[in-house]
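Chemist: So I've got this file, data_33.cif, and it contains mmCIF, C-alpha atoms and all ligand atoms:
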data_data
loop_
_atom_site.label_atom_id
_atom_site.label_comp_id
_atom_site.auth_asym_id
_atom_site.auth_seq_id
_atom_site.Cartn_x
_atom_site.Cartn_y
_atom_site.Cartn_z
CA MET W 257 185.84 189.98 90.10
CA THR W 258 186.30 187.77 87.11
CA ASP W 259 189.87 186.75 86.24
CA LEU W 260 190.58 188.11 82.74
CA SER W 261 193.21 185.52 81.93
CA THR W 262 190.64 182.75 82.54
CA VAL W 263 188.17 184.58 80.30
CA LYS W 264 190.77 184.89 77.55
CA ALA W 265 191.77 181.24 77.83
CA ALA W 266 188.11 180.18 77.51
CA LEU W 267 187.64 182.39 74.45
CA LYS W 268 190.75 180.98 72.78
CA ALA W 269 189.52 177.45 73.43
CA GLN W 270 186.06 177.97 71.91
CA SER W 271 185.47 176.51 68.44
CA ILE W 272 182.56 177.48 66.23
CA GLU W 273 181.78 175.15 63.34
CA THR W 274 180.64 176.74 60.10
CA PRO W 275 178.16 175.07 57.71
CA SER W 276 179.21 174.23 54.14
CA TRP W 277 175.81 175.36 52.82
CA ALA W 278 176.22 178.88 54.16
CA TYR W 279 178.97 179.47 51.58
CA GLY W 280 176.67 178.62 48.67
CA ASN W 281 173.73 180.45 47.18
CA SER W 282 170.47 180.37 49.07
CA GLY W 283 167.21 182.22 49.03
CA THR W 284 163.56 182.04 49.79
CA ARG W 285 160.78 180.30 47.93
CA PHE W 286 160.47 183.54 45.96
CA LYS W 287 164.00 183.95 44.60
CA VAL W 288 167.58 182.84 44.93
CA PHE W 289 169.90 185.75 44.15
CA ALA W 290 173.08 184.18 42.77
CA GLN W 291 176.38 185.70 43.86
CA ALA W 292 179.58 185.67 41.84
CA GLY W 293 182.39 183.50 43.16
CA VAL W 294 180.34 181.10 45.25
CA PRO W 295 181.79 177.59 45.62
CA ARG W 296 180.97 175.02 42.96
CA THR W 297 182.24 172.00 44.85
CA PRO W 298 182.58 170.77 48.44
CA GLN W 299 186.31 171.48 48.11
CA GLU W 300 185.64 175.13 47.31
CA LYS W 301 183.23 175.42 50.26
CA ILE W 302 186.02 174.08 52.47
CA ASP W 303 188.43 176.62 50.97
CA ASP W 304 186.05 179.41 51.97
CA ALA W 305 185.54 177.93 55.45
CA ALA W 306 189.32 177.87 55.81
CA ARG W 307 189.41 181.63 55.21
CA VAL W 308 186.92 182.13 58.07
CA HIS W 309 189.21 180.13 60.32
CA GLU W 310 192.31 181.94 59.05
CA PHE W 311 190.91 185.33 60.05
CA THR W 312 189.11 184.33 63.29
CA ALA W 313 191.23 181.44 64.63
CA ALA W 314 187.91 180.19 66.00
CA ALA W 315 186.30 178.13 63.22
CA PRO W 316 188.50 175.06 62.71
CA SER W 317 185.81 172.74 61.33
CA VAL W 318 183.17 172.73 58.63
CA ALA W 319 179.92 170.78 58.68
CA LEU W 320 178.89 168.81 55.61
CA HIS W 321 175.36 168.18 54.34
CA ILE W 322 174.71 164.98 52.41
CA PRO W 323 173.91 164.78 49.50
CA TRP W 324 174.81 168.45 48.92
CA ASP W 325 178.45 167.63 49.66
CA ARG W 326 178.51 164.12 48.28
CA THR W 327 181.83 162.98 46.82
CA ASP W 328 183.25 159.60 45.85
CA ASP W 329 186.30 160.01 48.08
CA TYR W 330 185.67 161.27 51.61
CA PRO W 331 189.17 160.58 52.94
CA ALA W 332 190.46 162.77 50.09
CA LEU W 333 187.99 165.50 51.08
CA ALA W 334 189.19 165.23 54.69
CA ALA W 335 192.79 165.49 53.44
CA HIS W 336 191.84 168.54 51.36
CA ALA W 337 190.40 170.15 54.51
CA ALA W 338 193.51 169.33 56.50
CA GLY W 339 195.63 170.89 53.75
CA GLN W 340 193.58 174.07 54.17
CA GLY W 341 194.05 174.05 57.94
CA VAL W 342 190.54 172.94 58.88
CA ARG W 343 188.75 169.62 59.43
CA LEU W 344 185.42 168.09 58.52
CA GLY W 345 182.86 168.30 61.29
CA VAL W 346 179.28 167.19 61.74
CA ILE W 347 177.63 165.18 59.00
CA ASN W 348 174.12 166.51 58.39
CA SER W 349 171.66 164.06 56.88
CA ASN W 350 169.09 165.13 54.32
CA VAL W 351 165.80 163.26 54.06
CA PHE W 352 163.79 166.27 53.00
CA GLN W 353 164.50 166.87 49.31
CA ASP W 354 163.27 163.75 47.58
CA ASP W 355 159.83 163.34 46.02
CA ASP W 356 159.46 160.09 47.95
CA TYR W 357 159.37 162.04 51.21
CA LYS W 358 156.20 163.99 50.48
CA LEU W 359 154.39 162.22 53.33
CA GLY W 360 157.45 161.79 55.51
CA SER W 361 160.79 160.01 55.57
CA VAL W 362 161.38 157.80 58.63
CA THR W 363 157.77 158.34 59.72
CA HIS W 364 156.24 157.67 56.30
CA PRO W 365 153.33 155.23 56.38
CA ASP W 366 155.00 153.07 53.69
CA PRO W 367 157.80 150.85 55.07
CA LYS W 368 159.67 150.98 51.73
CA ILE W 369 160.08 154.75 52.04
CA ARG W 370 161.10 154.41 55.68
CA ARG W 371 163.73 151.89 54.61
CA LYS W 372 165.11 154.28 52.01
CA ALA W 373 165.31 157.12 54.54
CA THR W 374 166.92 155.00 57.24
CA ASP W 375 169.44 153.68 54.72
CA HIS W 376 170.44 157.27 53.98
CA LEU W 377 171.02 157.88 57.69
CA LEU W 378 173.14 154.72 57.89
CA GLU W 379 175.10 155.88 54.84
CA CYS W 380 175.80 159.11 56.73
CA VAL W 381 177.40 157.05 59.52
CA ASP W 382 179.58 155.34 56.89
CA ILE W 383 180.60 158.82 55.75
CA MET W 384 181.42 159.78 59.35
CA ASP W 385 183.73 156.75 59.52
CA ALA W 386 185.47 157.95 56.36
CA THR W 387 185.76 161.62 57.38
CA GLY W 388 186.55 160.98 61.03
CA SER W 389 183.49 162.99 62.09
CA ARG W 390 182.14 162.51 65.58
CA ASP W 391 178.55 163.66 65.11
CA LEU W 392 175.57 162.86 62.93
CA LYS W 393 172.98 165.62 62.90
CA LEU W 394 169.42 164.56 62.22
CA TRP W 395 166.67 166.91 61.28
CA PHE W 396 163.39 165.55 59.96
CA SER W 397 160.97 167.63 57.96
CA ASP W 398 158.43 164.87 58.69
CA GLY W 399 154.97 165.84 59.77
CA THR W 400 151.44 166.33 58.59
CA ASN W 401 149.53 169.28 57.20
CA TYR W 402 145.99 168.31 58.20
CA PRO W 403 144.36 166.77 61.26
CA GLY W 404 143.65 163.12 60.57
CA GLN W 405 146.18 162.92 57.73
CA ASP W 406 148.16 160.23 59.59
CA ASP W 407 148.32 158.73 63.06
CA ILE W 408 150.42 161.02 65.26
CA ALA W 409 151.36 158.32 67.78
CA ASP W 410 152.20 155.71 65.14
CA ARG W 411 154.56 158.18 63.52
CA GLN W 412 156.42 158.51 66.84
CA GLY W 413 156.82 154.73 66.90
CA ARG W 414 158.20 154.67 63.35
CA LEU W 415 160.60 157.49 64.21
CA GLY W 416 161.78 155.64 67.32
CA ASP W 417 162.43 152.45 65.30
CA ALA W 418 164.55 154.29 62.72
CA LEU W 419 166.50 156.18 65.37
CA ALA W 420 167.20 152.94 67.25
CA GLU W 421 168.56 151.29 64.11
CA VAL W 422 170.90 154.23 63.43
CA TYR W 423 171.92 154.41 67.09
CA GLU W 424 173.01 150.77 66.95
CA ARG W 425 175.22 151.56 63.96
CA LEU W 426 177.14 154.35 65.76
CA GLY W 427 180.75 153.70 66.78
CA ASP W 428 181.89 154.07 70.38
CA ASP W 429 183.03 157.65 69.86
CA GLN W 430 180.19 158.74 67.61
CA ARG W 431 177.00 160.55 68.57
CA MET W 432 173.66 161.41 67.01
CA LEU W 433 172.30 164.90 67.50
CA LEU W 434 168.54 165.17 67.14
CA GLU W 435 167.30 168.59 66.05
CA TYR W 436 163.74 169.76 66.67
CA LYS W 437 161.77 172.41 64.84
CA LEU W 438 158.34 173.78 65.60
CA PHE W 439 156.97 173.85 62.07
CA GLU W 440 157.90 174.13 58.40
CA PRO W 441 157.58 172.42 56.06
CA ALA W 442 154.84 170.61 58.00
CA PHE W 443 152.16 173.05 59.09
CA TYR W 444 149.92 170.97 61.35
CA ALA W 445 151.94 168.42 63.33
CA THR W 446 155.71 168.17 63.01
CA ASP W 447 157.06 164.82 64.23
CA VAL W 448 159.97 166.34 66.20
CA PRO W 449 158.52 169.76 67.03
CA ASP W 450 160.14 170.54 70.37
CA TRP W 451 162.91 169.74 72.81
CA GLY W 452 160.61 167.52 74.87
CA THR W 453 160.02 165.14 71.97
CA ALA W 454 163.71 165.17 71.02
CA TYR W 455 164.70 164.61 74.65
CA ALA W 456 162.29 161.70 75.09
CA HIS W 457 163.72 159.92 72.05
CA CYS W 458 167.32 160.63 73.07
CA LEU W 459 166.72 159.43 76.62
CA LYS W 460 165.32 156.15 75.35
CA LEU W 461 168.19 155.69 72.89
CA GLY W 462 171.05 156.19 75.33
CA PRO W 463 174.07 158.39 76.03
CA LYS W 464 175.20 158.71 72.42
CA ALA W 465 171.95 160.50 71.51
CA GLN W 466 171.79 164.20 72.32
CA VAL W 467 169.51 167.11 71.52
CA VAL W 468 170.58 169.97 69.27
CA VAL W 469 169.08 173.43 69.76
CA ASP W 470 168.67 175.45 66.55
CA THR W 471 167.94 178.95 67.79
CA GLY W 472 165.54 179.62 64.90
CA HIS W 473 163.29 176.64 65.60
CA HIS W 474 161.02 177.90 68.37
CA ALA W 475 157.78 179.77 68.74
CA PRO W 476 158.25 183.52 69.23
CA GLY W 477 158.84 184.32 72.88
CA THR W 478 160.18 180.88 73.80
CA ASN W 479 162.70 181.03 76.61
CA ILE W 480 165.50 179.21 74.80
CA GLU W 481 168.00 179.66 77.63
CA PHE W 482 165.68 177.70 79.91
CA ILE W 483 165.78 174.80 77.45
CA VAL W 484 169.58 175.08 77.30
CA ALA W 485 169.93 175.08 81.10
CA THR W 486 167.65 172.07 81.42
CA LEU W 487 169.29 169.99 78.69
CA LEU W 488 172.74 170.78 80.05
CA ARG W 489 171.72 169.70 83.56
CA GLU W 490 170.42 166.45 82.15
CA GLY W 491 173.59 165.83 80.14
CA LYS W 492 171.59 165.94 76.91
CA LEU W 493 172.74 169.17 75.25
CA GLY W 494 174.57 168.00 72.14
CA GLY W 495 175.06 171.42 70.62
CA PHE W 496 173.66 174.43 68.84
CA ASP W 497 172.73 175.50 65.37
CA PHE W 498 173.11 179.25 65.85
CA ASN W 499 171.30 181.76 63.67
CA SER W 500 168.95 184.72 64.15
CA ARG W 501 165.31 185.11 63.47
CA PHE W 502 162.79 187.90 63.46
CA TYR W 503 159.79 185.80 62.44
CA ALA W 504 160.28 182.06 61.84
CA ASP W 505 163.34 180.04 60.74
CA ASP W 506 164.95 183.09 59.15
CA ASP W 507 168.55 181.75 59.26
CA LEU W 508 170.04 185.24 59.58
CA MET W 509 173.48 185.89 61.07
CA ALA W 510 173.85 184.69 64.66
CA GLY W 511 173.55 187.55 67.11
CA ALA W 512 172.10 189.94 64.54
CA ALA W 513 168.47 189.99 65.62
CA ASP W 514 168.71 189.53 69.36
CA PRO W 515 172.22 189.69 70.80
CA PHE W 516 170.75 189.77 74.30
CA GLN W 517 169.13 186.38 73.75
CA LEU W 518 172.44 184.97 72.50
CA PHE W 519 174.10 186.31 75.65
CA ARG W 520 171.43 184.73 77.87
CA ILE W 521 171.95 181.40 76.10
CA MET W 522 175.72 181.62 76.43
CA TYR W 523 175.39 182.56 80.07
CA GLU W 524 173.52 179.29 80.74
CA VAL W 525 176.20 177.41 78.79
CA VAL W 526 178.95 179.00 80.89
CA ARG W 527 176.97 178.53 84.11
CA GLY W 528 176.38 174.86 83.33
CA GLY W 529 180.01 174.16 82.41
CA GLY W 530 179.13 173.66 78.74
CA LEU W 531 182.24 175.41 77.43
CA ALA W 532 184.38 172.52 78.66
CA ALA W 533 185.32 170.21 75.80
CA GLU W 534 184.39 167.10 77.86
CA THR W 535 180.71 168.10 77.81
CA GLY W 536 180.74 167.74 74.03
CA VAL W 537 178.53 170.78 73.46
CA ALA W 538 179.08 171.66 69.79
CA PHE W 539 178.80 175.31 68.74
CA MET W 540 177.68 175.37 65.13
CA LEU W 541 176.27 177.97 62.80
CA ASP W 542 173.31 177.11 60.58
CA GLN W 543 172.54 180.12 58.49
CA CYS W 544 172.04 181.34 54.96
CA HIS W 545 173.23 184.58 53.44
CA ASN W 546 170.67 185.37 50.81
CA ILE W 547 171.54 189.00 50.09
CA GLU W 548 174.82 189.73 51.89
CA ALA W 549 178.36 188.61 51.02
CA LYS W 550 178.74 185.17 52.48
CA ILE W 551 182.26 184.87 53.91
CA PRO W 552 182.27 188.20 55.81
CA ALA W 553 178.76 187.42 57.09
CA ILE W 554 180.03 184.14 58.49
CA ILE W 555 183.03 185.89 60.02
CA ARG W 556 180.64 188.41 61.58
CA SER W 557 178.52 185.56 63.00
CA VAL W 558 181.57 183.87 64.54
CA MET W 559 182.53 187.21 66.11
CA ASN W 560 178.99 187.70 67.43
CA VAL W 561 179.07 184.29 69.14
CA GLN W 562 182.47 185.17 70.60
CA GLU W 563 181.15 188.50 71.91
CA ALA W 564 178.15 186.82 73.56
CA THR W 565 180.49 184.23 75.08
CA ALA W 566 182.87 186.90 76.36
CA LYS W 567 180.02 188.77 78.03
CA ALA W 568 178.72 185.55 79.57
CA LEU W 569 182.18 184.82 80.93
CA LEU W 570 182.29 188.29 82.50
CA VAL W 571 179.24 187.65 84.70
CA ASP W 572 180.54 187.74 88.28
CA PRO W 573 179.32 184.42 89.70
CA VAL W 574 180.07 185.32 93.32
CA ALA W 575 178.20 188.62 93.22
CA LEU W 576 175.34 187.00 91.34
CA ARG W 577 175.02 184.13 93.80
CA ALA W 578 175.15 186.51 96.77
CA ALA W 579 172.38 188.67 95.33
CA GLN W 580 170.29 185.61 94.46
CA GLN W 581 170.69 184.10 97.92
CA ALA W 582 169.78 187.40 99.55
CA GLY W 583 166.70 187.72 97.37
CA GLU W 584 168.06 190.97 95.93
CA VAL W 585 166.18 190.88 92.67
CA LEU W 586 167.44 194.15 91.26
CA GLU W 587 171.06 193.52 92.24
CA ALA W 588 171.05 190.05 90.73
CA ASN W 589 169.65 191.40 87.49
CA ALA W 590 172.20 194.22 87.57
CA VAL W 591 175.10 191.75 87.80
CA LEU W 592 173.92 190.09 84.62
CA MET W 593 173.25 193.39 82.86
CA ASP W 594 176.66 194.79 83.85
CA ALA W 595 178.29 191.92 81.99
CA TYR W 596 175.97 192.25 79.01
CA ASN W 597 176.59 195.99 78.77
CA THR W 598 180.38 195.62 78.79
CA ASP W 599 182.02 196.44 75.48
CA VAL W 600 184.03 193.23 74.98
CA ARG W 601 185.43 194.22 71.60
CA PRO W 602 188.74 195.53 73.04
CA LEU W 603 189.12 192.26 74.97
CA LEU W 604 188.54 190.21 71.83
CA ARG W 605 191.01 192.34 69.91
CA GLU W 606 193.58 191.53 72.58
CA VAL W 607 192.72 187.84 72.40
CA ARG W 608 193.25 187.88 68.64
CA GLU W 609 196.54 189.72 68.93
CA GLU W 610 197.72 187.12 71.44
CA GLN W 611 196.67 184.44 68.94
CA GLY W 612 198.78 186.09 66.27
CA ILE W 613 195.92 187.14 64.00
CA ASP W 614 194.64 190.53 62.93
CA PRO W 615 192.43 192.05 65.66
CA ASP W 616 189.87 193.00 63.00
CA PRO W 617 188.97 189.79 61.12
CA ILE W 618 186.60 191.43 58.63
CA ALA W 619 189.09 194.12 57.62
CA ALA W 620 191.80 191.46 57.31
CA TYR W 621 189.54 189.35 55.09
CA LYS W 622 188.73 192.33 52.88
CA ARG W 623 192.43 193.15 52.51
CA SER W 624 193.29 189.54 51.68
CA GLY W 625 191.91 189.75 48.13
CA TRP W 626 190.10 186.42 48.51
CA ALA W 627 186.78 187.91 47.42
CA ASP W 628 188.26 189.05 44.08
CA HIS W 629 190.16 185.80 43.71
CA ILE W 630 187.03 183.62 43.90
CA VAL W 631 185.08 185.84 41.54
CA ALA W 632 187.88 185.53 38.97
CA GLU W 633 188.49 181.80 39.48
CA ARG W 634 185.07 180.31 39.98
CA VAL W 635 183.34 180.74 36.70
CA GLY W 636 180.75 178.26 35.50
CA GLY W 637 179.54 175.09 37.15
CA THR W 638 176.60 174.65 39.41
CA GLN W 639 176.47 174.30 43.11
CA ALA W 640 174.56 171.75 45.13
CA GLY W 641 172.45 172.81 48.05
CA TRP W 642 169.68 175.24 48.80
CA GLY W 643 170.40 177.31 45.72
CA ALA W 644 170.58 174.35 43.33
C1 LIG P 701 166.18 172.81 59.15
C2 LIG P 701 167.65 173.03 59.38
C3 LIG P 701 168.39 171.73 59.59
C4 LIG P 701 168.85 171.44 58.20
C5 LIG P 701 169.32 172.83 57.80
C6 LIG P 701 169.71 173.04 56.38
O1 LIG P 701 165.48 174.01 59.12
O2 LIG P 701 167.84 173.92 60.44
O3 LIG P 701 169.49 171.90 60.47
O4 LIG P 701 169.84 170.46 58.12
O5 LIG P 701 168.25 173.64 58.23
MN MN P 702 169.46 173.67 61.85
MN MN P 703 166.46 175.56 60.37
#
Rewrite the coordinates I just gave you, this time as structure tokens.
Modeler:
Amino acid sequence: MTDLSTVKAALKAQSIETPSWAYGNSGTRFKVFAQAGVPRTPQEKIDDAARVHEFTAAAPSVALHIPWDRTDDYPALAAHAAGQGVRLGVINSNVFQDDDYKLGSVTHPDPKIRRKATDHLLECVDIMDATGSRDLKLWFSDGTNYPGQDDIADRQGRLGDALAEVYERLGDDQRMLLEYKLFEPAFYATDVPDWGTAYAHCLKLGPKAQVVVDTGHHAPGTNIEFIVATLLREGKLGGFDFNSRFYADDDLMAGAADPFQLFRIMYEVVRGGGLAAETGVAFMLDQCHNIEAKIPAIIRSVMNVQEATAKALLVDPVALRAAQQAGEVLEANAVLMDAYNTDVRPLLREVREEQGIDPDPIAAYKRSGWADHIVAERVGGTQAGWGA
């Protein structure tokens, strides 16, 4: 039997980082539906992130995206976050929204464009120094749309050169997290399309380079938990961008589309020891809330990750191992399913009560009046980011 106090301790120790851009407006290529009260500044995004932490006690950091969250005083932004009871987390680079990057950023055939892109990545490390952030997250939209458009292998070489330069710039306690994505915006050959490519680059770079798994970045039917188990075994799982998808990179709330998949992923994390802080596995959300209210959707996502984690922690490892060793296929599967089918909501309510917060974070947020407050206060201005 699993010891409930150990499960509770692990749940209390888990931190889920929320993304600054999830608080702002977002949409599809067809329409961005603006919502009243969305943040106009990085400070206001942090204020909203602080509410998520206030009501969940599980989201103590907020990821920034540069240039969406650019400011002329990062230490002041970090101090603002601290004043709100949160801290600045991963710095996400952005080399995908500039006309110069039409044919690529760090893999562009023109060395001048590659220089510009690499300089942005280096600037992001400067920002990490100023914010005290540990991780730089790199996602490249680079790729080609047509066979023959550029030399696939040469582009890998250019990518490797840029990554090596940024790697050299990292401090002793800093890391780079390389994110892969199957397709979009490139439709023929993406330069970092899969975990194998990301892993190969990270292996060559060294221990400070790790792979990040965005759950929306795979072909349908991909066994993501296998990737997680493998990367964790190899010491190369840097973290997650959690979100849900029905079709492609839908960026819906984590755990909304396929809670069973999220459980299977979290089981491999638990099984591989990835909940321990020393492993450095970062649990992040990367989602957009195009039609639903943003803050409660983010709270819901945090709760969904916690529920998947709780279920994963409830898997009885002794019974599972015994069934596996005995070749008892059905029993082994039943051990996993028993944990998945457990209603962990009462357990999480207890955990929250022990943490001194309301057992129902969404109800507590609704009662807080924050939603009305931001609608009244945040009038005018424009926000940077997807919705800009
Ligand atoms: C790319 C991605 C990446 C970006 C974010 C906004 O699809 O997942 O992490 O930084 O979306
Ligand atoms: Mn992502
Ligand atoms: Mn994505």
Chemist: Counting only C-alpha atoms, what is within 10 Å of region 609-612 of chain W, bar same-chain residues fewer than 6 positions away, as a ChimeraX atom specification?
Modeler: /W:264,268,312-313,603
Chemist: Of the candidates W:Val469, W:Ala315, W:Ala278, W:Ala305, which shows the shortest atom-to-atom distance to ligand MN 702 (chain P), using only C-alpha atoms and all ligand atoms?
Modeler: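 Looking only at the distances to ligand MN 702 (chain P), the closest residue turns out to be W:Val469.
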Chemist: Excluding region 289-291 of chain W and residues on its chain fewer than 3 positions from it, collect all residues at most 8 Å away from it, counting all atoms listed in the file, and give them as a VMD selection string.
Modeler: chain W and resid 281 to 283 294 546 to 547 549 643
Chemist: Quick one: of W:Val591, W:Gly280, W:Asp450, W:Asp505, who's nearest to Glu548 (chain W), counting all atoms listed in the file?
Modeler: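 Looking only at the distances to Glu548 (chain W), the closest residue turns out to be W:Gly280.
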Chemist: Which residues are close to Phe498 (chain W), i.e. within 10 Å by all atoms listed in the file, leaving aside same-chain residues fewer than 5 positions away? Reply as JSON, numbers by chain.
Modeler: {"W": [272, 273, 274, 469, 470, 471, 472, 507, 508, 509, 510, 511, 518, 539, 540, 541, 542, 543, 557, 558, 561]}
Chemist: Could you take the residues named above and write them with C-alpha atoms, as an mmCIF file, keeping the file's coordinate frame?
Modeler:
data_model
loop_
_atom_site.group_PDB
_atom_site.id
_atom_site.type_symbol
_atom_site.label_atom_id
_atom_site.label_comp_id
_atom_site.auth_asym_id
_atom_site.auth_seq_id
_atom_site.Cartn_x
_atom_site.Cartn_y
_atom_site.Cartn_z
ATOM 1 C CA ILE W 272 182.560 177.480 66.230
ATOM 2 C CA GLU W 273 181.780 175.150 63.340
ATOM 3 C CA THR W 274 180.640 176.740 60.100
ATOM 4 C CA VAL W 469 169.080 173.430 69.760
ATOM 5 C CA ASP W 470 168.670 175.450 66.550
ATOM 6 C CA THR W 471 167.940 178.950 67.790
ATOM 7 C CA GLY W 472 165.540 179.620 64.900
ATOM 8 C CA ASP W 507 168.550 181.750 59.260
ATOM 9 C CA LEU W 508 170.040 185.240 59.580
ATOM 10 C CA MET W 509 173.480 185.890 61.070
ATOM 11 C CA ALA W 510 173.850 184.690 64.660
ATOM 12 C CA GLY W 511 173.550 187.550 67.110
ATOM 13 C CA LEU W 518 172.440 184.970 72.500
ATOM 14 C CA PHE W 539 178.800 175.310 68.740
ATOM 15 C CA MET W 540 177.680 175.370 65.130
ATOM 16 C CA LEU W 541 176.270 177.970 62.800
ATOM 17 C CA ASP W 542 173.310 177.110 60.580
ATOM 18 C CA GLN W 543 172.540 180.120 58.490
ATOM 19 C CA SER W 557 178.520 185.560 63.000
ATOM 20 C CA VAL W 558 181.570 183.870 64.540
ATOM 21 C CA VAL W 561 179.070 184.290 69.140
#
Chemist: Write out, as a tab-separated table, each residue of chain W that has an atom at most 10 Å from ligand LIG 701 (chain P), together with the closest pair of atoms and their distance in Å to one decimal, counting only C-alpha atoms and all ligand atoms, rows going by chain and rising number.
Modeler:
residue	atom	partner	partner_atom	distance
W:Pro275	CA	P:LIG701	C6	8.8
W:Ser276	CA	P:LIG701	C6	9.8
W:Trp277	CA	P:LIG701	C6	7.4
W:Ala278	CA	P:LIG701	C6	9.0
W:Leu320	CA	P:LIG701	O4	9.5
W:His321	CA	P:LIG701	O4	7.1
W:Ile322	CA	P:LIG701	O4	9.3
W:Ile347	CA	P:LIG701	O4	9.5
W:Asn348	CA	P:LIG701	O4	5.8
W:Ser349	CA	P:LIG701	O4	6.8
W:Asn350	CA	P:LIG701	O4	6.6
W:Val351	CA	P:LIG701	O4	9.2
W:Phe352	CA	P:LIG701	C4	8.9
W:Lys393	CA	P:LIG701	O4	7.5
W:Leu394	CA	P:LIG701	O4	7.2
W:Trp395	CA	P:LIG701	C3	5.4
W:Phe396	CA	P:LIG701	C1	7.8
W:Ser397	CA	P:LIG701	C1	7.4
W:Leu434	CA	P:LIG701	O3	9.5
W:Glu435	CA	P:LIG701	O3	6.8
W:Tyr436	CA	P:LIG701	C1	8.5
W:Lys437	CA	P:LIG701	O1	7.0
W:Leu438	CA	P:LIG701	O1	9.6
W:Phe439	CA	P:LIG701	O1	9.0
W:Glu440	CA	P:LIG701	O1	7.6
W:Pro441	CA	P:LIG701	O1	8.6
W:Val468	CA	P:LIG701	O3	9.1
W:Val469	CA	P:LIG701	O2	9.4
W:Asp470	CA	P:LIG701	O2	6.4
W:Thr471	CA	P:LIG701	O2	8.9
W:Gly472	CA	P:LIG701	O2	7.6
W:His473	CA	P:LIG701	O1	7.3
W:Phe496	CA	P:LIG701	O3	9.7
W:Asp497	CA	P:LIG701	O3	6.9
W:Phe498	CA	P:LIG701	O2	9.2
W:Asn499	CA	P:LIG701	O2	9.2
W:Ala504	CA	P:LIG701	O1	10.0
W:Asp505	CA	P:LIG701	O1	6.6
W:Asp506	CA	P:LIG701	O1	9.1
W:Asp507	CA	P:LIG701	O2	8.0
W:Leu541	CA	P:LIG701	O3	9.4
W:Asp542	CA	P:LIG701	O2	6.3
W:Gln543	CA	P:LIG701	O5	7.8
W:Cys544	CA	P:LIG701	C6	8.7
W:Gly641	CA	P:LIG701	C6	8.8
W:Trp642	CA	P:LIG701	C6	7.9
Chemist: From the set W:Tyr455, W:Phe516, W:Tyr523, W:Phe482, which residue has the shortest atom-to-atom contact distance to Gly494 (chain W), counting all atoms listed in the file?
Modeler: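 The answer is W:Tyr455, which sits nearest to Gly494 (chain W).
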Chemist: Considering all atoms listed in the file, can you say which of W:Arg425, W:Arg390, W:Arg371, W:Arg623 comes closest to Val537 (chain W)?
Modeler: W:Arg390
Chemist: Report, in Å with one decimal, the straight-line distance from CA of Phe443 (chain W) to CA of Gln353 (chain W).
Modeler: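 We find that CA of Phe443 (chain W) and CA of Gln353 (chain W) lie 16.9 Å from each other.
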Chemist: Within 6 Å of Ser317 (chain W), counting all atoms listed in the file, which residues show up once you throw out same-chain ones fewer than 6 positions away? Write them as an NGL selection string, please.
Modeler: :W and (273 or 342-345)
Chemist: For the selection you just gave me, I'd like the residues written to a file as a short mmCIF file (atom, residue, chain, number, x, y, z; two decimals), in the coordinates of the input, keeping C-alpha atoms.
Modeler:
data_model
loop_
_atom_site.label_atom_id
_atom_site.label_comp_id
_atom_site.auth_asym_id
_atom_site.auth_seq_id
_atom_site.Cartn_x
_atom_site.Cartn_y
_atom_site.Cartn_z
CA GLU W 273 181.78 175.15 63.34
CA VAL W 342 190.54 172.94 58.88
CA ARG W 343 188.75 169.62 59.43
CA LEU W 344 185.42 168.09 58.52
CA GLY W 345 182.86 168.30 61.29
#
Chemist: For each of W:Tyr330, W:Tyr279, W:Tyr596, W:Phe286, take the minimum atom-to-atom distance to Met522 (chain W), counting all atoms listed in the file, then give the residue where this is smallest.
Modeler: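 Nearest candidate to Met522 (chain W) out of W:Tyr330, W:Tyr279, W:Tyr596, W:Phe286: W:Tyr596.
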Chemist: Using only C-alpha atoms, which residue out of W:Ala445, W:Arg520, W:Gln340, W:Thr284 lies closest to Val308 (chain W)?
Modeler: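 Counting only C-alpha atoms, the residue closest to Val308 (chain W) is W:Gln340.
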